[in-house]
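For reference, the structure is listed below as structure tokens.
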Amino acid sequence: MTTEPSTSTEATQNQRDIELIVPADGDIVTNEIEIKKSRFITWIARADDEDSAREVINLAKAEYPDARHHCSAYIHEVVGGNRVERSSDDGEPGGTAGRPMLDVLQGSGMTNVTAVVIRYFGGIKLGTGGLVRAYSDSVSECLEKVTRMRRVQRALRVVSVSAADAGRIEAELRARGYEIVETRWGQHVEFSIAVTADGIAQLDGEMQALTKGASEPSTDGGEIWWELRA
């Protein structure tokens with residue numbers, strides 16, 4: 001992405017039991033407003049990394065090549081690293097477009113989100129305050145159309161049970177609210193179960209009760225991400 005110098009900030013992220021609010025993956029959400037004959041066309045899309053954010057911005061430039069400005073802002077999380085936040089005024093006076101857009105994204109509580117506002121100049125200057133309001137309002141209105149998802153990271157724990165008991169134990173675990181991600185059948189049956197870090201001891205206790213003390217402690221199966229409607 002070729003732009004004017006962008007602003008960026010970083011914030012340390014805690015890896016344990018991460019929960020993020022993100023836009024639903026898929027289509028670009030759009031909105032358009034007109035202010036003093038200038039058109040402000042807003043795109044908001046999911047972008048889980050900087051390359052994805054740049055793709056959205058470049059797509060907007062390709063879709064509206066004759067627009068005077070393609071201002072942008074995006075936020076995304078780096079698991080185990082830092083939050084990345086960037087913005088660009090793309091030719092508008094410094095601080096009147098990208099930064100206000102980023103402020104709105106920050107206030108939304110969402111991450112892994114990219115906003116682009118395409119402006120067609122209508123011949124009437126808006127002034128510094130007018131530009132800040134225009135770009136802020138453009139993103140705010142578009143955000144109202146965005147479907148929000150909870151993106152959660154959980155530990156995967158593997159438990160092993162006899163084939164004879166598998167059906168009963170699976171039903172009991174699901175009834176108690178456990179998310180069984182995968183089932184592997186063999187001489188014994190293994191369930192991969194998503195839990196919070198604080199829920200591992202509880203799972204082991206539940207398994208002891210369901211198997212009348214016959215189960216071994218669950219083993220580490222890694223981590224998993226999945227998404228739920230916020």
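Identifiers in this document derive from the order of the structure tokens: chains are assigned A, B, ..., residues are numbered from 1 separately in each chain, and ligands are numbered from 1 in order of occurrence.
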Name the residues in contact with stretch 195-207 of chain A at a cut-off of 8 Å, using only C-alpha atoms, excluding same-chain residues fewer than 5 positions from it; report them as a PyMOL selection string. chain A and resi 16-17+154-157+178-179+213+215+217-218
Which residues come within 10 Å of A:Leu102, counting only C-alpha atoms, excluding same-chain residues fewer than 4 positions away, as a list of chain:residue names? A:Thr7, A:Ser8, A:Ser72, A:Ala73, A:Tyr74, A:Ile75, A:Glu85, A:Arg86, A:Ser87, A:Ser88, A:Ala97, A:Gly98, A:Gln106, A:Gly107, A:Ser108, A:Thr114, A:Ala115, A:Tyr135, A:Ser136, A:Val139
How about saving the chosen residues, N, CA and C atoms kept, as a compact mmCIF listing (two decimals), in the first residue's frame?
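Ended up saving to result35.txt:
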```
# COMPACT_ATOMS: atom_id res chain seq x y z
N THR A 7 0.17 6.58 10.86
CA THR A 7 0.38 6.54 12.30
C THR A 7 0.14 5.12 12.77
N SER A 8 0.81 4.69 13.83
CA SER A 8 0.61 3.34 14.36
C SER A 8 0.81 3.35 15.86
N SER A 72 -7.89 5.53 5.16
CA SER A 72 -8.04 4.20 5.74
C SER A 72 -7.60 4.15 7.20
N ALA A 73 -8.10 3.12 7.87
CA ALA A 73 -7.69 2.82 9.24
C ALA A 73 -7.94 1.35 9.47
N TYR A 74 -7.05 0.72 10.23
CA TYR A 74 -7.30 -0.69 10.56
C TYR A 74 -6.65 -1.06 11.88
N ILE A 75 -7.22 -2.09 12.48
CA ILE A 75 -6.74 -2.66 13.74
C ILE A 75 -6.70 -4.16 13.58
N GLU A 85 -2.28 -0.95 14.99
CA GLU A 85 -3.28 0.07 14.64
C GLU A 85 -2.63 1.07 13.70
N ARG A 86 -3.22 1.24 12.53
CA ARG A 86 -2.63 2.16 11.55
C ARG A 86 -3.73 2.98 10.88
N SER A 87 -3.32 4.15 10.38
CA SER A 87 -4.27 5.00 9.67
C SER A 87 -3.54 5.84 8.63
N SER A 88 -4.29 6.28 7.62
CA SER A 88 -3.72 7.12 6.56
C SER A 88 -4.73 8.17 6.14
N ALA A 97 -8.65 12.71 8.77
CA ALA A 97 -9.35 11.57 8.16
C ALA A 97 -8.98 10.25 8.83
N GLY A 98 -7.75 9.79 8.60
CA GLY A 98 -7.34 8.48 9.11
C GLY A 98 -7.44 8.36 10.61
N GLN A 106 -11.58 2.15 17.29
CA GLN A 106 -11.19 1.84 18.67
C GLN A 106 -12.40 1.88 19.60
N GLY A 107 -13.23 2.88 19.41
CA GLY A 107 -14.41 3.03 20.26
C GLY A 107 -15.45 1.94 20.05
N SER A 108 -15.39 1.27 18.91
CA SER A 108 -16.36 0.21 18.61
C SER A 108 -16.10 -1.06 19.40
N THR A 114 -10.93 -3.40 9.14
CA THR A 114 -10.37 -2.37 8.26
C THR A 114 -11.50 -1.48 7.75
N ALA A 115 -11.26 -0.17 7.77
CA ALA A 115 -12.22 0.79 7.22
C ALA A 115 -11.53 1.62 6.14
N TYR A 135 -15.52 12.14 8.24
CA TYR A 135 -14.89 10.82 8.23
C TYR A 135 -15.31 9.99 9.44
N SER A 136 -15.48 10.64 10.58
CA SER A 136 -15.96 9.92 11.77
C SER A 136 -17.37 9.38 11.55
N VAL A 139 -17.65 6.33 9.09
CA VAL A 139 -17.31 5.03 9.67
C VAL A 139 -18.36 4.61 10.69
```
List every residue of stretch 119-201 of chain A that DSSP, applied to the backbone, labels as strand (DSSP E), and write the result as a short mmCIF file (atom, residue, chain, number, x, y, z; two decimals) with C-alpha atoms, in the first residue's frame.
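Generated output (part.cif):
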```cif
data_model
loop_
_atom_site.label_atom_id
_atom_site.label_comp_id
_atom_site.auth_asym_id
_atom_site.auth_seq_id
_atom_site.Cartn_x
_atom_site.Cartn_y
_atom_site.Cartn_z
CA ARG A 119 -14.17 10.64 -1.05
CA TYR A 120 -15.37 12.31 -4.21
CA ARG A 148 -20.26 -8.65 15.16
CA MET A 149 -18.73 -11.98 16.12
CA ARG A 150 -16.98 -13.23 19.26
CA ARG A 151 -13.71 -14.85 18.22
CA VAL A 152 -12.51 -16.97 21.12
CA GLN A 153 -9.38 -18.98 21.81
CA ARG A 154 -9.67 -22.03 24.03
CA ALA A 155 -7.48 -24.89 25.22
CA LEU A 156 -8.14 -28.29 23.64
CA ARG A 157 -8.14 -31.16 26.12
CA VAL A 158 -8.23 -34.79 25.05
CA VAL A 159 -10.06 -37.41 27.11
CA SER A 160 -10.20 -41.15 26.41
CA VAL A 161 -13.16 -43.41 27.25
CA SER A 162 -14.26 -46.94 26.42
CA GLU A 179 -17.90 -28.13 23.23
CA ILE A 180 -16.68 -31.42 21.73
CA VAL A 181 -14.61 -30.39 18.73
CA GLU A 182 -13.57 -33.82 17.45
CA THR A 183 -14.27 -37.49 18.16
CA ARG A 184 -11.79 -40.23 17.21
CA TRP A 185 -12.91 -43.85 17.31
CA HIS A 188 -10.91 -46.42 22.89
CA VAL A 189 -12.77 -43.25 21.94
CA GLU A 190 -11.01 -39.89 22.25
CA PHE A 191 -12.89 -36.62 22.61
CA SER A 192 -11.15 -33.27 21.95
CA ILE A 193 -12.92 -30.73 24.15
CA ALA A 194 -12.58 -26.93 24.10
CA VAL A 195 -12.31 -25.38 27.56
#
```
Using only C-alpha atoms, which residues sit within 9 Å of A:Ser138 once same-chain residues fewer than 5 positions away are excluded, as a list in words? Asn31, Glu32, Ile33, Phe40, Ile41, Thr42, Met101, Val117, Arg133 and Leu143 of chain A
Export of the given selection (N, CA and C atoms) as an mmCIF file, in the first residue's frame:
```cif
data_model
loop_
_atom_site.group_PDB
_atom_site.id
_atom_site.type_symbol
_atom_site.label_atom_id
_atom_site.label_comp_id
_atom_site.auth_asym_id
_atom_site.auth_seq_id
_atom_site.Cartn_x
_atom_site.Cartn_y
_atom_site.Cartn_z
ATOM 1 N N ASN A 31 -21.425 1.733 2.947
ATOM 2 C CA ASN A 31 -22.389 2.782 3.268
ATOM 3 C C ASN A 31 -21.938 4.055 2.561
ATOM 4 N N GLU A 32 -22.871 4.914 2.219
ATOM 5 C CA GLU A 32 -22.521 6.177 1.556
ATOM 6 C C GLU A 32 -23.317 7.320 2.166
ATOM 7 N N ILE A 33 -22.624 8.435 2.410
ATOM 8 C CA ILE A 33 -23.293 9.657 2.827
ATOM 9 C C ILE A 33 -22.804 10.799 1.938
ATOM 10 N N PHE A 40 -19.020 10.423 0.410
ATOM 11 C CA PHE A 40 -18.149 9.635 1.283
ATOM 12 C C PHE A 40 -18.656 8.190 1.265
ATOM 13 N N ILE A 41 -17.924 7.331 0.592
ATOM 14 C CA ILE A 41 -18.296 5.920 0.461
ATOM 15 C C ILE A 41 -17.412 5.117 1.412
ATOM 16 N N THR A 42 -18.026 4.419 2.334
ATOM 17 C CA THR A 42 -17.265 3.686 3.352
ATOM 18 C C THR A 42 -17.336 2.189 3.108
ATOM 19 N N MET A 101 -11.016 8.209 11.855
ATOM 20 C CA MET A 101 -11.548 6.886 11.511
ATOM 21 C C MET A 101 -11.059 5.832 12.501
ATOM 22 N N VAL A 117 -12.545 4.953 3.596
ATOM 23 C CA VAL A 117 -13.526 5.949 3.173
ATOM 24 C C VAL A 117 -13.031 6.583 1.884
ATOM 25 N N ARG A 133 -15.500 15.415 11.295
ATOM 26 C CA ARG A 133 -16.864 14.912 11.512
ATOM 27 C C ARG A 133 -17.304 14.011 10.366
ATOM 28 N N LEU A 143 -20.485 1.125 10.536
ATOM 29 C CA LEU A 143 -20.337 0.134 11.607
ATOM 30 C C LEU A 143 -21.679 -0.390 12.099
#
```
Point-to-point distance in Å for atom CA of A:Gln208 and atom CA of A:Gly177: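 Atom CA of A:Gln208 lies at a distance of 16.8 Å from atom CA of A:Gly177.
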